[in-house]
>>> print(open('coords14.tsv').read())   # TSV, C-alpha atoms
chain	number	residue	atom	x	y	z
A	1	MET	CA	7.83	-12.56	-11.85
A	2	ILE	CA	8.09	-15.32	-9.32
A	3	LYS	CA	11.36	-17.08	-8.74
A	4	GLY	CA	10.54	-20.73	-8.01
A	5	ASN	CA	8.89	-21.12	-4.63
A	6	GLY	CA	11.00	-18.35	-3.12
A	7	PRO	CA	10.02	-14.75	-2.52
A	8	ARG	CA	8.50	-12.67	-5.30
A	9	THR	CA	10.94	-10.54	-7.26
A	10	ARG	CA	8.54	-8.15	-9.05
A	11	TYR	CA	9.75	-4.60	-8.54
A	12	VAL	CA	7.15	-1.97	-9.38
A	13	GLU	CA	8.97	0.91	-11.03
A	14	ASP	CA	8.27	4.60	-10.41
A	15	TRP	CA	6.95	5.14	-13.94
A	16	GLU	CA	4.40	2.35	-13.34
A	17	ILE	CA	3.15	4.13	-10.22
A	18	ASP	CA	2.84	7.32	-12.27
A	19	GLU	CA	0.78	5.40	-14.85
A	20	LEU	CA	-1.80	4.46	-12.20
A	21	ALA	CA	-2.98	8.05	-12.09
A	22	LYS	CA	-4.00	7.72	-15.74
A	23	VAL	CA	-6.80	5.34	-14.83
A	24	THR	CA	-9.69	7.77	-14.79
A	25	PRO	CA	-12.35	7.16	-12.16
A	26	ARG	CA	-15.91	7.00	-13.44
A	27	ARG	CA	-17.26	8.27	-10.13
A	28	LYS	CA	-16.19	11.03	-7.76
A	29	ARG	CA	-15.80	8.55	-4.93
A	30	GLY	CA	-15.23	4.84	-4.58
A	31	SER	CA	-13.18	2.07	-6.09
A	32	ILE	CA	-10.61	3.67	-8.44
A	33	ARG	CA	-9.95	6.72	-6.27
A	34	MET	CA	-9.91	4.56	-3.15
A	35	ILE	CA	-7.37	2.12	-4.60
A	36	GLN	CA	-5.19	4.98	-5.86
A	37	ALA	CA	-5.27	6.52	-2.34
A	38	TYR	CA	-4.58	3.09	-0.82
A	39	ILE	CA	-1.52	2.64	-3.02
A	40	ALA	CA	-0.15	6.07	-2.09
A	41	LEU	CA	-0.60	5.32	1.62
A	42	LYS	CA	0.92	1.86	1.20
A	43	LEU	CA	4.02	3.22	-0.52
A	44	MET	CA	4.45	5.79	2.25
A	45	THR	CA	3.98	3.37	5.17
A	46	GLY	CA	4.76	-0.10	3.82
A	47	LEU	CA	1.87	-1.48	5.88
A	48	ARG	CA	0.41	-4.91	5.23
A	49	ARG	CA	-2.96	-5.09	3.47
A	50	LYS	CA	-4.73	-6.22	6.64
A	51	ASP	CA	-3.34	-3.25	8.57
A	52	LEU	CA	-4.28	-0.72	5.89
A	53	LEU	CA	-7.78	-2.11	5.42
A	54	SER	CA	-8.26	-2.00	9.21
A	55	LEU	CA	-7.29	1.68	9.47
A	56	LYS	CA	-9.86	3.85	11.19
A	57	VAL	CA	-10.48	7.55	10.76
A	58	THR	CA	-9.44	8.07	14.39
A	59	ASP	CA	-6.01	6.45	13.83
A	60	MET	CA	-4.65	9.77	12.53
A	61	ARG	CA	-3.80	11.80	15.61
A	62	ASP	CA	-1.85	14.95	16.38
A	63	ASP	CA	1.52	13.16	16.39
A	64	GLY	CA	0.87	10.82	13.48
A	65	LEU	CA	-0.81	7.70	12.17
A	66	HIS	CA	-1.21	5.11	14.94
A	67	VAL	CA	-1.21	1.47	13.88
A	68	VAL	CA	-0.97	-1.76	15.82
A	69	THR	CA	0.35	-4.28	13.31
A	70	SER	CA	-1.74	-7.39	12.88
A	71	LYS	CA	1.14	-9.83	12.54
A	72	THR	CA	3.27	-8.79	15.52
A	73	ASN	CA	0.77	-6.74	17.54
A	74	LYS	CA	3.47	-4.07	17.64
A	75	PRO	CA	2.32	-0.45	17.95
A	76	MET	CA	3.79	1.93	15.40
A	77	ILE	CA	3.36	5.67	14.90
A	78	PHE	CA	4.09	7.11	11.48
A	79	GLU	CA	5.13	10.72	11.98
A	80	ARG	CA	2.50	13.21	10.90
A	81	THR	CA	3.89	15.06	7.92
A	82	LYS	CA	2.18	17.14	5.25
A	83	ALA	CA	2.62	14.27	2.78
A	84	LEU	CA	1.10	11.70	5.16
A	85	GLU	CA	-1.75	14.07	6.01
A	86	HIS	CA	-2.42	14.58	2.30
A	87	CYS	CA	-2.48	10.81	1.63
A	88	PHE	CA	-4.81	10.22	4.55
A	89	GLU	CA	-7.15	13.06	3.55
A	90	THR	CA	-7.21	11.79	-0.04
A	91	ALA	CA	-8.17	8.34	1.23
A	92	LEU	CA	-10.97	9.81	3.34
A	93	ALA	CA	-12.26	11.83	0.39
A	94	ALA	CA	-12.28	8.67	-1.77
A	95	ARG	CA	-14.54	6.69	0.58
A	96	PRO	CA	-17.84	5.84	-1.09
A	97	VAL	CA	-19.69	6.96	2.06
A	98	ASP	CA	-18.83	9.07	5.08
A	99	ILE	CA	-20.36	6.67	7.56
A	100	GLY	CA	-18.48	4.06	9.51
A	101	PRO	CA	-15.12	4.21	11.16
A	102	TYR	CA	-12.92	2.74	8.40
A	103	VAL	CA	-10.69	4.69	6.04
A	104	PHE	CA	-11.13	2.04	3.33
A	105	CYS	CA	-14.76	0.99	3.46
A	106	ASN	CA	-17.45	-0.39	1.21
A	107	ARG	CA	-20.71	1.39	0.31
A	108	ARG	CA	-22.25	0.39	3.63
A	109	GLY	CA	-19.31	1.88	5.56
A	110	ASP	CA	-18.09	-1.58	6.57
A	111	CYS	CA	-14.50	-2.79	6.60
A	112	TYR	CA	-13.46	-4.90	3.61
A	113	LEU	CA	-11.88	-7.44	5.95
A	114	ARG	CA	-14.09	-10.24	7.16
A	115	ALA	CA	-13.71	-11.91	10.55
A	116	ASP	CA	-11.77	-14.76	8.91
A	117	GLY	CA	-9.23	-12.28	7.46
A	118	ARG	CA	-10.44	-12.60	3.87
A	119	ALA	CA	-11.27	-9.55	1.78
A	120	GLU	CA	-13.07	-10.82	-1.33
A	121	GLY	CA	-14.70	-7.47	-2.08
A	122	TRP	CA	-11.35	-5.71	-1.96
A	123	ASN	CA	-9.68	-8.45	-4.02
A	124	SER	CA	-12.36	-8.15	-6.67
A	125	MET	CA	-12.01	-4.38	-6.82
A	126	TRP	CA	-8.20	-4.76	-7.04
A	127	ARG	CA	-8.51	-7.23	-9.96
A	128	ARG	CA	-10.82	-4.86	-11.86
A	129	PHE	CA	-8.44	-1.98	-11.17
A	130	MET	CA	-5.45	-3.97	-12.46
A	131	ASP	CA	-7.45	-4.96	-15.58
A	132	ARG	CA	-8.00	-1.28	-16.30
A	133	VAL	CA	-4.34	-0.46	-15.57
A	134	LEU	CA	-3.24	-3.05	-18.14
A	135	THR	CA	-5.65	-1.80	-20.82
A	136	GLU	CA	-5.51	1.96	-20.22
A	137	THR	CA	-1.84	2.55	-19.40
A	138	GLN	CA	1.64	1.51	-20.52
A	139	VAL	CA	1.93	-0.99	-17.63
A	140	SER	CA	2.14	-4.47	-19.14
A	141	GLU	CA	2.67	-6.71	-16.11
A	142	ARG	CA	0.34	-7.11	-13.16
A	143	PHE	CA	1.58	-6.41	-9.68
A	144	THR	CA	0.18	-7.30	-6.31
A	145	ASP	CA	-0.40	-5.55	-3.04
A	146	HIS	CA	2.61	-7.48	-1.74
A	147	ASP	CA	4.73	-6.13	-4.60
A	148	LEU	CA	3.90	-2.60	-3.44
A	149	ARG	CA	5.11	-3.49	0.05
A	150	GLY	CA	8.30	-4.68	-1.63
A	151	LYS	CA	8.58	-1.35	-3.45
A	152	ALA	CA	8.21	0.56	-0.18
A	153	ALA	CA	11.06	-1.49	1.29
A	154	SER	CA	13.19	-1.30	-1.85
A	155	ASP	CA	12.85	2.46	-2.13
A	156	ALA	CA	13.78	3.04	1.53
A	157	GLU	CA	17.16	4.74	1.84
A	158	SER	CA	18.67	1.87	3.83
A	159	LEU	CA	18.03	-1.70	4.91
A	160	GLU	CA	17.60	-0.44	8.47
A	161	ARG	CA	14.92	2.04	7.36
A	162	ALA	CA	13.16	-0.66	5.29
A	163	GLN	CA	13.20	-3.02	8.28
A	164	GLN	CA	11.75	-0.29	10.51
A	165	LEU	CA	9.09	0.64	7.96
A	166	LEU	CA	7.93	-2.95	7.51
A	167	GLY	CA	8.13	-3.72	11.23
A	168	HIS	CA	10.43	-6.70	10.83
A	169	ALA	CA	12.44	-7.99	13.78
A	170	ASP	CA	15.06	-9.52	11.48
A	171	PRO	CA	16.79	-7.58	8.69
A	172	VAL	CA	17.38	-10.87	6.84
A	173	THR	CA	13.64	-11.15	6.14
A	174	THR	CA	13.54	-7.59	4.87
A	175	GLN	CA	16.55	-8.12	2.61
A	176	ARG	CA	15.53	-11.52	1.28
A	177	ALA	CA	11.86	-10.90	0.59
A	178	TYR	CA	11.39	-7.16	0.19
A	179	ARG	CA	14.49	-5.37	-1.08
A	180	ARG	CA	13.76	-5.94	-4.76
A	181	GLY	CA	14.95	-2.80	-6.49
A	182	PRO	CA	18.20	-2.62	-8.41
A	183	ALA	CA	21.31	-1.85	-6.39
A	184	PHE	CA	22.74	1.57	-7.11
A	185	ILE	CA	26.53	1.40	-7.31
A	186	PRO	CA	28.46	4.66	-7.46
A	187	VAL	CA	31.35	4.69	-9.90
A	188	LYS	CA	34.58	6.51	-9.13
A	189	ASP	CA	35.84	8.96	-11.73
>>> encode(input="coords14.tsv", output="structure tokens")
Amino acid sequence: MIKGNGPRTRYVEDWEIDELAKVTPRRKRGSIRMIQAYIALKLMTGLRRKDLLSLKVTDMRDDGLHVVTSKTNKPMIFERTKALEHCFETALAARPVDIGPYVFCNRRGDCYLRADGRAEGWNSMWRRFMDRVLTETQVSERFTDHDLRGKAASDAESLERAQQLLGHADPVTTQRAYRRGPAFIPVKD
């Protein structure tokens, strides 16, 4: 769902994320498993595609996942928790090869991002994954990488937490473009 020329409004629901696990990989390593691991890490961190695809094996350190965001050049450390460790280890196990420094790499161990910022190989793999999601699960509407970033922000417990997660300087941007989930309104008895 796109609302005019404004920000996207597609909110990926929890049940849709659960459905992604139903897409059965045909191989022990590679595309399907890698995208599933990517999605889990994205939902946990809210990182942009460029930042996730640039992740290196050495970015996970004793205190957490170290990332310098591509858009603002701002360093961030995501606290090392059991859940984050598990996501990271799952991503490493999904790599098609154990060579190269990148967490999300192609069969040659190279980063999916090209020097010009494009990631055609990744985009192609994403499209094939979404085709399988639509045919093999109950999900009936495509969603994008950006929609998952919106879900991470929407599911954060507060606007302040969403802003921090996404690395935005202005909460207005976070609210306008990324807080897409329904508002929960408590009712008094």
>>> residues_around(input="coords14.tsv", residues="Glu141 of chain A", least_positions_apart="4", cutoff="10 Å", atoms="all atoms listed in the file", output="compact mmCIF listing (two decimals) with C-alpha atoms, keeping the file's coordinate frame")
# COMPACT_ATOMS: atom_id res chain seq x y z
CA MET A 1 7.83 -12.56 -11.85
CA ARG A 10 8.54 -8.15 -9.05
CA VAL A 12 7.15 -1.97 -9.38
CA GLU A 16 4.40 2.35 -13.34
CA MET A 130 -5.45 -3.97 -12.46
CA VAL A 133 -4.34 -0.46 -15.57
CA LEU A 134 -3.24 -3.05 -18.14
>>> closest_residue(input="coords14.tsv", among="A:Asp59, A:Asp170, A:Asp155, A:Asp147", to="Ile39 of chain A", atoms="only C-alpha atoms")
A:Asp147
>>> axis_aligned_box(input="coords14.tsv", around="segment 158-166 of chain A", padding_each_side="4 Å", output="JSON")
{"center_x": 13.3, "center_y": -0.5, "center_z": 7.2, "size_x": 18.7, "size_y": 13.1, "size_z": 14.7}
>>> closest_residue(input="coords14.tsv", among="A:Leu41, A:Ile17, A:Leu113, A:Ser31", to="Pro96 of chain A", atoms="all atoms listed in the file")
A:Ser31
>>> residues_around(input="coords14.tsv", residues="Thr69 of chain A", least_positions_apart="2", cutoff="10 Å", atoms="only C-alpha atoms", output="number ranges by chain")
A: 47-48, 50-52, 54, 66-67, 71-76, 166-167
>>> closest_residue(input="coords14.tsv", among="A:Arg127, A:Lys56, A:Arg161, A:Arg132", to="Thr144 of chain A", atoms="only C-alpha atoms")
A:Arg127
>>> closest_residue(input="coords14.tsv", among="A:Val172, A:Pro186, A:Ser154, A:Arg118", to="Gly46 of chain A", atoms="only C-alpha atoms")
A:Ser154
>>> residues_around(input="coords14.tsv", residues="Thr45 of chain A", least_positions_apart="4", cutoff="9 Å", atoms="all atoms listed in the file", output="list in words")
Ala40, Leu41, Phe78, Leu84, Arg149, Ala152, Leu165 and Leu166 of chain A
>>> write_last_selection(input="coords14.tsv", atoms="C-alpha atoms", output="PDB file, in the coordinates of the input")
ATOM      1  CA  ALA A  40      -0.150   6.070  -2.090  1.00  0.00           C
ATOM      2  CA  LEU A  41      -0.600   5.320   1.620  1.00  0.00           C
ATOM      3  CA  PHE A  78       4.090   7.110  11.480  1.00  0.00           C
ATOM      4  CA  LEU A  84       1.100  11.700   5.160  1.00  0.00           C
ATOM      5  CA  ARG A 149       5.110  -3.490   0.050  1.00  0.00           C
ATOM      6  CA  ALA A 152       8.210   0.560  -0.180  1.00  0.00           C
ATOM      7  CA  LEU A 165       9.090   0.640   7.960  1.00  0.00           C
ATOM      8  CA  LEU A 166       7.930  -2.950   7.510  1.00  0.00           C
TER       9      LEU A 166
END
>>> residues_around(input="coords14.tsv", residues="Leu159 of chain A", least_positions_apart="2", cutoff="8 Å", atoms="all atoms listed in the file", output="PDB file with C-alpha atoms, in the coordinates of the input")
ATOM      1  CA  ALA A 153      11.060  -1.490   1.290  1.00  0.00           C
ATOM      2  CA  ALA A 156      13.780   3.040   1.530  1.00  0.00           C
ATOM      3  CA  GLU A 157      17.160   4.740   1.840  1.00  0.00           C
ATOM      4  CA  ARG A 161      14.920   2.040   7.360  1.00  0.00           C
ATOM      5  CA  ALA A 162      13.160  -0.660   5.290  1.00  0.00           C
ATOM      6  CA  GLN A 163      13.200  -3.020   8.280  1.00  0.00           C
ATOM      7  CA  PRO A 171      16.790  -7.580   8.690  1.00  0.00           C
ATOM      8  CA  THR A 174      13.540  -7.590   4.870  1.00  0.00           C
ATOM      9  CA  GLN A 175      16.550  -8.120   2.610  1.00  0.00           C
ATOM     10  CA  ARG A 179      14.490  -5.370  -1.080  1.00  0.00           C
TER      11      ARG A 179
END
